[in-house]
Amino acid sequence: MHPARAVIGWCVFVALCLALGSVVGTNEAGDRDYWVGEAGRAEALAAEGNLQHKAAERIMITNRSGDPVGAAARSAAQDVVTRMKPIPEVLRVADPVRSENRRMLMVEVTLKGPRLEAQQHIDPLLKQTAEVQRGHPGLRVEETGDASVGKGLDTSRDDDLDTSEKITFPITLITLLAAFGSLIMVGVPLLLAVSSIGAAMGLCQLVSHLLPDAGVGNSLILLIGMAVGVDYTLFYLKREREERARADGRIGPEALVGIAAATSGRAIAVSGLAVALTTATLFLATDVIFSSLAVGTIVVVLVAVLSSMTALPALLVLIGRRLDRKAARAAERGKRSRRGPERTGRVWTALLRPARNHPAATLVVSLLVMIGLAVPAFGMHLRVLNTATHSRSIPAMKVYDRLNAAFPDLLASHWVVVRSDAGEVGQVRTALKDLAHRAETDPMFSKKPPELTATPDGRISMMTLSVPYNLSSPQASGSLKELRESYLPATLGKVPGAEYAVTGPVAQDADYLSHQNDKLPVVVGLLLLLTFVMTLLVFRSAAIAVMGVVLNLLSVGASFGLVVAFFQWGWASTVFGFEESATHAIGSRVPLFLFVILFGLSMDYQVFVVSRIKEAARNGVPTRQAVIEGIDKSAKVVTSAAVVMVTVFASFMFLHLAEMKQIGFSLAVAVLLDAFIIRVMILPSALILLGNASWWPSRRMRRAQERATPVPPGGVPVPVAHATAD
């Protein structure tokens with residue numbers, strides 16, 4: 001064995017991943033990658049006629065005193081027009097418009113190219129806006145728009161990640177130090193987790209050229225990579241230290257690591273594969289964002305597994321040799337270092353007592369608690385968390401609010417796109433006029449005259465209908481429903497051969513949510529089947545496979561219920577001081593993503609804990625005793641792993657993005673519930689009550705249990721003939 005070579009090889013692999021990633025860069029998702037439903041069809045029609053809505057930035061001029069704008073503001077607005085027109089990225093600059101309350105002048109600047117690419121060209125505009133502000137210090141000159149908001153959001157996200165790292169690393173360090181009492185052993189999990197995250201980020205840049213990246217990957221890689229990277233290392237280290245204490249110097253470090261590889265190493269490989277396979281079900285959602293989330297999760301988990309199979313064993317051999325040399329020098333001086341077996345602490349002993357002494361009552365009470373926590377989930381209200389929900393700590397969002405207050409017609413809009421044959425162009429125009437008249441007389445639509453654009457031949461037209469309500473408001477949704485179900489069939493629907501569809505911010509959100517809801521049963525159904533099959537194959541037990549699915553459902557349901565209580569009901573605002581924009585609705589992507597990720601992460605504890613129980617039972621320990629022994633031996637590492645995971649996930653609650661707050665909160669509470677109720681109360685109680693039936697239909701386990709010999713606390717086998725009934 002050449003551990004030094006393995007460590008060097010891992011370092012080369014990480015460096016190569018980072019280098020290749022930086023060379024090829026990231027292939028970011030474009031506008032077309034987000035097209036779904038009717039809104040997607042409308043975008044395709046508009047693109048065919050080159051009528052797509054372009055990204056627009058709006059520069060606002062107001063008096064600092066709040067008084068109506070006058071000559072000074074008009075001068076500043078003209079300065080904006082003059083400065084913006086020469087910028088190569090600018091398509092057109094509109095004339096200044098004054099708000100109805102006469103307190104604001106607005107200049108709209110339309111950018112070239114696809115909307116998603118506008119953020120790459122926003123800096124020159126922001127620079128010129130700042131120059132106008134410096135030239136007119138008595139006024140307030142501000143800019144907002146999708147591109148400037150996106151830039152502010154990215155800056156905020158980067159700051160959030162820095163904050164998350166500052167919170168996560170110290171607590172992880174303290175937790176590992178408490179678990180192992182050695183700085184060297186503390187450094188190993190952190191080193192492997194960080195290097196795995198780096199390698200995964202580089203690999204995801206390569207993968208993005210096959211599956212476009214939606215810009216959410218790095219946050220998730222850090223979130224999942226830190227959690228599973230430290231967890232997998234903890235599982236491995238725990239077993240190696242356990243075998244080292246048991247061997248008491250009689251076995252070399254290579255053999256000790258070999259034992260750990262054959263037991264915990266196998267469990268890590270199985271767990272990582274399970275997480276990767278369950279996460280792959282997100283691809284069935286046929287959504288670019290979920291695909292990016294799936295790629296980030298799968299890559300970082302598999303890289304973490306690879307590190308635990310290569311670099312980790314090598315590091316443990318090197319550390320073991322160092323410890324052996326240290327022990328040999330101590331022995332020469334007449335000292336002998338002995339490390340006794342680790343003991344379960346008093347807290348864990350107390351936690352395990354109910355399941356051990358009163359399994360039936362413990363099972364019933366624990367199930368009732370988990371079901372009670374899950375009840376609020378049945379009232380979950382999903383909503384696409386759009387621009388209106390972003391944190392107001394982002395400067396561009398405060399400007400966004402002031403703009404919409406002065407120009408409510410800019411809050412939302414519907415874009416009706418129609419394509420017809422040349423012979424129906426006249427009928428289409430008549431129908432569009434009728435549509436405009438209907439909208440103008442409907443209070444759900446703006447009084448602002450609709451805007452109409454068309455291709456030179458008139459075959460493709462697009463009409464913009466403004467809605468003076470927030471994107472997520474019932475009025476905006478109601479106007480879309482009225483438009484699609486009533487107005488369009490009554491107007492364009494009567495033109496023979498005309499193909500029409502509605503897109504726009506409101507329609508895109510509605511169709512995206514509908515698309516996710518349609519895919520949810522497919523993803524969840526396959527996920528449940530995969531979880532059952534994988535658990536069955538790993539443990540050869542149908543009972544444990546069914547139990548794994550049920551326990552995961554309980555964990556997910558309870559975490560969903562708490563998310564509803566804290567975010568939809570608004571408890572998060574009271575308890576954590578979160579902004580109102582982060583509460584009162586659950587992000588549309590949150591349930592599906594969490595369902596898949598939580599099922600995968602739950603397999604970590606399921607595989608690790610049940611593997612220890614099965615190992616004891618296969619070695620002839622009665623099932624009841626094997627359950628207690630398996631839980632007892634895994635208690636400390638499960639606690640440490642849970643603390644690390646909860647710390648990592650909880651740190652994401654302090655990010656400004658509402659969906660990340662909800663995801664971080666849900667993952668944190670799910671891990672807590674899984675570690676301290678599912679694996680300590682429900683799982684052991686159920687296995688104890690099932691007894692030998694837990695291993696059905698495995699013949700090998702049945703034969704092992706038929707020969708089982710109870711072992712008393714002292715560890716001396718008791719002949720079966722004298723053993724008390726189990």
# chains A, B, ... in the order shown; residues from 1 in each chain; ligands from 1
>>> residues_around(residues="Thr278 in chain A", least_positions_apart="2", cutoff="9 Å", atoms="only C-alpha atoms", output="list in words")
Leu273, Ala274, Val275, Ala276, Ala280, Thr281, Leu282, Leu526, Leu527, Leu528, Leu530, Thr531, Val596, Ile597, Phe599 and Gly600 of chain A
>>> select_by_dssp(residues="range 475-684 of chain A", states="helix (DSSP H, G or I)", output="PyMOL selection string")
chain A and resi 475-490+492-494+505-539+542-568+571-575+580-582+590-618+623-654+658-684
>>> residues_around(residues="range 98-104 of chain A", least_positions_apart="6", cutoff="10 Å", atoms="only C-alpha atoms", output="list in words")
Met60, Ile61, Thr62, Asn63, Ser65, Gly66, Asp67, Pro68, Val69, Gly70, Ala73, Arg74, Arg140, Arg402, Leu403, Ala405, Ala406, Phe407 and Pro408 of chain A
>>> closest_residue(among="A:Gln705, A:Ser366, A:Gln119, A:Ser219", to="Phe652 in chain A", atoms="only C-alpha atoms")
A:Ser219
>>> residues_around(residues="Val609 in chain A", least_positions_apart="5", cutoff="8 Å", atoms="only C-alpha atoms", output="PDB file with N, CA and C atoms, in the first residue's frame")
ATOM      1  N   GLY A 630     -26.178  -1.672  18.085  1.00  0.00           N
ATOM      2  CA  GLY A 630     -25.934  -0.892  16.875  1.00  0.00           C
ATOM      3  C   GLY A 630     -26.181   0.587  17.095  1.00  0.00           C
ATOM      4  N   ILE A 631     -27.281   0.919  17.762  1.00  0.00           N
ATOM      5  CA  ILE A 631     -27.577   2.322  18.053  1.00  0.00           C
ATOM      6  C   ILE A 631     -26.526   2.887  18.995  1.00  0.00           C
ATOM      7  N   SER A 634     -23.253   3.670  17.236  1.00  0.00           N
ATOM      8  CA  SER A 634     -23.326   4.747  16.245  1.00  0.00           C
ATOM      9  C   SER A 634     -23.786   6.069  16.848  1.00  0.00           C
ATOM     10  N   ARG A 679     -34.192   7.881  14.370  1.00  0.00           N
ATOM     11  CA  ARG A 679     -33.166   6.844  14.578  1.00  0.00           C
ATOM     12  C   ARG A 679     -32.992   6.435  16.029  1.00  0.00           C
TER      13      ARG A 679
END
>>> closest_residue(among="A:Gly557, A:Pro86, A:Gly25, A:Gly252", to="Val375 in chain A", atoms="only C-alpha atoms")
A:Gly557
>>> closest_residue(among="A:Gly691, A:Gly202, A:Pro253, A:Gly620", to="Cys17 in chain A", atoms="only C-alpha atoms")
A:Gly202
>>> select_by_dssp(residues="range 455-579 of chain A", states="strand (DSSP E or B)", output="list in words")
Ile460, Ser461, Met462, Met463, Thr464, Leu465, Ser466, Val467, Glu499, Tyr500, Ala501, Val502, Thr503 and Ser541 of chain A
>>> closest_atom_pairs(of="range 578-632 of chain A", to="range 514-525 of chain A", cutoff="8 Å", atoms="only C-alpha atoms", output="JSON lines")
{"residue": "A:Ser588", "atom": "CA", "partner": "A:Gln516", "partner_atom": "CA", "distance": 7.8}
{"residue": "A:Arg589", "atom": "CA", "partner": "A:Gln516", "partner_atom": "CA", "distance": 7.8}
{"residue": "A:Leu592", "atom": "CA", "partner": "A:Leu520", "partner_atom": "CA", "distance": 6.7}
{"residue": "A:Phe595", "atom": "CA", "partner": "A:Val524", "partner_atom": "CA", "distance": 7.7}
{"residue": "A:Val596", "atom": "CA", "partner": "A:Val524", "partner_atom": "CA", "distance": 7.7}
>>> residues_around(residues="Lys166 in chain A", least_positions_apart="5", cutoff="12 Å", atoms="only C-alpha atoms", output="PyMOL selection string")
chain A and resi 159-161+171-173+647-648+651-652+654
>>> write_last_selection(atoms="N, CA and C atoms", output="PDB file, in the first residue's frame")
ATOM      1  N   ASP A 159     -21.915  37.548  -0.588  1.00  0.00           N
ATOM      2  CA  ASP A 159     -21.713  37.972   0.805  1.00  0.00           C
ATOM      3  C   ASP A 159     -22.318  36.949   1.773  1.00  0.00           C
ATOM      4  N   ASP A 160     -23.478  36.407   1.390  1.00  0.00           N
ATOM      5  CA  ASP A 160     -24.139  35.411   2.232  1.00  0.00           C
ATOM      6  C   ASP A 160     -23.285  34.161   2.379  1.00  0.00           C
ATOM      7  N   LEU A 161     -22.692  33.723   1.266  1.00  0.00           N
ATOM      8  CA  LEU A 161     -21.862  32.521   1.313  1.00  0.00           C
ATOM      9  C   LEU A 161     -20.648  32.742   2.211  1.00  0.00           C
ATOM     10  N   ILE A 171     -17.981  26.230  13.931  1.00  0.00           N
ATOM     11  CA  ILE A 171     -18.832  25.285  14.667  1.00  0.00           C
ATOM     12  C   ILE A 171     -18.488  23.858  14.282  1.00  0.00           C
ATOM     13  N   THR A 172     -18.220  23.626  13.005  1.00  0.00           N
ATOM     14  CA  THR A 172     -17.803  22.287  12.577  1.00  0.00           C
ATOM     15  C   THR A 172     -16.496  21.894  13.258  1.00  0.00           C
ATOM     16  N   LEU A 173     -15.571  22.840  13.342  1.00  0.00           N
ATOM     17  CA  LEU A 173     -14.286  22.582  13.992  1.00  0.00           C
ATOM     18  C   LEU A 173     -14.479  22.204  15.455  1.00  0.00           C
ATOM     19  N   THR A 647     -25.702  22.627  11.478  1.00  0.00           N
ATOM     20  CA  THR A 647     -24.969  23.895  11.420  1.00  0.00           C
ATOM     21  C   THR A 647     -24.861  24.404   9.992  1.00  0.00           C
ATOM     22  N   VAL A 648     -24.484  23.509   9.083  1.00  0.00           N
ATOM     23  CA  VAL A 648     -24.333  23.896   7.681  1.00  0.00           C
ATOM     24  C   VAL A 648     -25.675  24.365   7.115  1.00  0.00           C
ATOM     25  N   SER A 651     -27.135  27.640   8.652  1.00  0.00           N
ATOM     26  CA  SER A 651     -26.447  28.863   8.236  1.00  0.00           C
ATOM     27  C   SER A 651     -27.079  29.455   6.984  1.00  0.00           C
ATOM     28  N   PHE A 652     -27.750  28.626   6.182  1.00  0.00           N
ATOM     29  CA  PHE A 652     -28.389  29.121   4.969  1.00  0.00           C
ATOM     30  C   PHE A 652     -29.685  29.852   5.264  1.00  0.00           C
ATOM     31  N   PHE A 654     -29.722  32.385   6.976  1.00  0.00           N
ATOM     32  CA  PHE A 654     -29.324  33.785   7.074  1.00  0.00           C
ATOM     33  C   PHE A 654     -29.010  34.387   5.707  1.00  0.00           C
TER      34      PHE A 654
END
>>> atom_distance(atom1="CA of Tyr34 in chain A", atom2="CA of Leu220 in chain A")
19.6 Å
>>> atom_distance(atom1="CA of Arg244 in chain A", atom2="CA of Asp632 in chain A")
17.9 Å
>>> residues_around(residues="Arg92 in chain A", least_positions_apart="2", cutoff="9 Å", atoms="only C-alpha atoms", output="list in words")
Met84, Lys85, Val90, Ala94, Glu108, Val109, Thr110, Leu111 and Lys112 of chain A
>>> closest_residue(among="A:Asp511, A:Val549, A:Val300, A:Ile688", to="Val36 in chain A", atoms="only C-alpha atoms")
A:Asp511
>>> closest_residue(among="A:Leu382, A:Leu116, A:Leu237, A:Val610", to="Ser640 in chain A", atoms="only C-alpha atoms")
A:Leu237
>>> closest_residue(among="A:Gln52, A:Val305, A:Ile682, A:Glu57", to="Leu367 in chain A", atoms="only C-alpha atoms")
A:Ile682
>>> decode(residues="range 45-58 of chain A", atoms="all heavy atoms", output="CSV table (one decimal), in the first residue's frame")
chain,number,residue,atom,x,y,z
A,45,LEU,N,-43.0,31.6,-30.3
A,45,LEU,CA,-43.7,32.3,-31.4
A,45,LEU,C,-43.0,33.7,-31.5
A,45,LEU,O,-42.8,34.2,-32.6
A,45,LEU,CB,-45.2,32.5,-31.1
A,45,LEU,CG,-46.0,31.2,-31.3
A,45,LEU,CD1,-47.5,31.5,-30.8
A,45,LEU,CD2,-46.0,30.7,-32.7
A,46,ALA,N,-42.8,34.4,-30.4
A,46,ALA,CA,-42.2,35.7,-30.4
A,46,ALA,C,-40.8,35.7,-31.0
A,46,ALA,O,-40.4,36.6,-31.7
A,46,ALA,CB,-42.2,36.3,-29.0
A,47,ALA,N,-40.1,34.7,-30.6
A,47,ALA,CA,-38.7,34.5,-31.1
A,47,ALA,C,-38.7,34.3,-32.6
A,47,ALA,O,-37.8,34.8,-33.3
A,47,ALA,CB,-38.0,33.4,-30.4
A,48,GLU,N,-39.7,33.6,-33.1
A,48,GLU,CA,-39.7,33.4,-34.5
A,48,GLU,C,-39.9,34.7,-35.3
A,48,GLU,O,-39.3,34.8,-36.4
A,48,GLU,CB,-40.9,32.5,-34.8
A,48,GLU,CG,-41.1,32.1,-36.3
A,48,GLU,CD,-42.3,31.3,-36.6
A,48,GLU,OE1,-42.7,30.5,-35.6
A,48,GLU,OE2,-42.8,31.3,-37.7
A,49,GLY,N,-40.6,35.6,-34.7
A,49,GLY,CA,-40.8,36.9,-35.3
A,49,GLY,C,-39.8,38.0,-34.8
A,49,GLY,O,-40.0,39.2,-35.1
A,50,ASN,N,-38.9,37.6,-34.0
A,50,ASN,CA,-37.9,38.5,-33.4
A,50,ASN,C,-38.6,39.6,-32.6
A,50,ASN,O,-38.3,40.8,-32.6
A,50,ASN,CB,-37.0,39.1,-34.4
A,50,ASN,CG,-35.8,39.8,-33.8
A,50,ASN,OD1,-35.3,39.4,-32.7
A,50,ASN,ND2,-35.2,40.8,-34.5
A,51,LEU,N,-39.7,39.2,-31.9
A,51,LEU,CA,-40.5,40.2,-31.1
A,51,LEU,C,-40.3,40.0,-29.6
A,51,LEU,O,-41.1,40.5,-28.8
A,51,LEU,CB,-42.0,40.0,-31.5
A,51,LEU,CG,-42.4,40.2,-32.9
A,51,LEU,CD1,-43.9,40.0,-33.1
A,51,LEU,CD2,-42.0,41.7,-33.4
A,52,GLN,N,-39.3,39.2,-29.2
A,52,GLN,CA,-39.2,39.0,-27.7
A,52,GLN,C,-39.0,40.3,-27.0
A,52,GLN,O,-38.4,41.2,-27.4
A,52,GLN,CB,-37.9,38.1,-27.4
A,52,GLN,CG,-37.8,36.9,-28.3
A,52,GLN,CD,-36.9,37.0,-29.4
A,52,GLN,OE1,-37.0,37.9,-30.3
A,52,GLN,NE2,-35.8,36.2,-29.4
A,53,HIS,N,-39.6,40.3,-25.7
A,53,HIS,CA,-39.4,41.4,-24.9
A,53,HIS,C,-37.9,41.5,-24.5
A,53,HIS,O,-37.3,40.5,-24.1
A,53,HIS,CB,-40.2,41.3,-23.6
A,53,HIS,CG,-41.5,42.0,-23.7
A,53,HIS,ND1,-41.7,43.3,-23.2
A,53,HIS,CD2,-42.7,41.7,-24.4
A,53,HIS,CE1,-42.9,43.7,-23.5
A,53,HIS,NE2,-43.5,42.8,-24.2
A,54,LYS,N,-37.3,42.6,-24.5
A,54,LYS,CA,-35.9,42.8,-24.2
A,54,LYS,C,-35.8,43.3,-22.7
A,54,LYS,O,-36.8,43.8,-22.1
A,54,LYS,CB,-35.3,43.9,-25.1
A,54,LYS,CG,-35.3,43.6,-26.6
A,54,LYS,CD,-34.5,42.4,-26.9
A,54,LYS,CE,-34.5,42.1,-28.4
A,54,LYS,NZ,-33.7,41.0,-28.8
A,55,ALA,N,-34.7,43.1,-22.1
A,55,ALA,CA,-34.4,43.5,-20.8
A,55,ALA,C,-34.4,45.1,-20.8
A,55,ALA,O,-33.9,45.7,-21.7
A,55,ALA,CB,-33.1,43.0,-20.2
A,56,ALA,N,-35.0,45.6,-19.7
A,56,ALA,CA,-35.1,47.1,-19.6
A,56,ALA,C,-34.6,47.5,-18.3
A,56,ALA,O,-34.9,46.9,-17.3
A,56,ALA,CB,-36.5,47.6,-19.9
A,57,GLU,N,-33.8,48.6,-18.2
A,57,GLU,CA,-33.4,49.3,-17.0
A,57,GLU,C,-34.1,50.6,-16.9
A,57,GLU,O,-34.3,51.3,-18.0
A,57,GLU,CB,-31.9,49.5,-17.0
A,57,GLU,CG,-31.1,48.2,-16.8
A,57,GLU,CD,-31.3,47.6,-15.4
A,57,GLU,OE1,-30.9,48.3,-14.4
A,57,GLU,OE2,-31.8,46.5,-15.3
A,58,ARG,N,-34.5,51.0,-15.7
A,58,ARG,CA,-35.3,52.2,-15.6
A,58,ARG,C,-34.5,53.1,-14.6
A,58,ARG,O,-34.2,52.7,-13.5
A,58,ARG,CB,-36.7,51.9,-15.1
A,58,ARG,CG,-37.5,51.1,-16.1
A,58,ARG,CD,-38.9,50.8,-15.7
A,58,ARG,NE,-39.6,50.1,-16.8
A,58,ARG,CZ,-39.7,48.8,-16.9
A,58,ARG,NH1,-39.2,48.0,-16.0
A,58,ARG,NH2,-40.4,48.3,-17.9
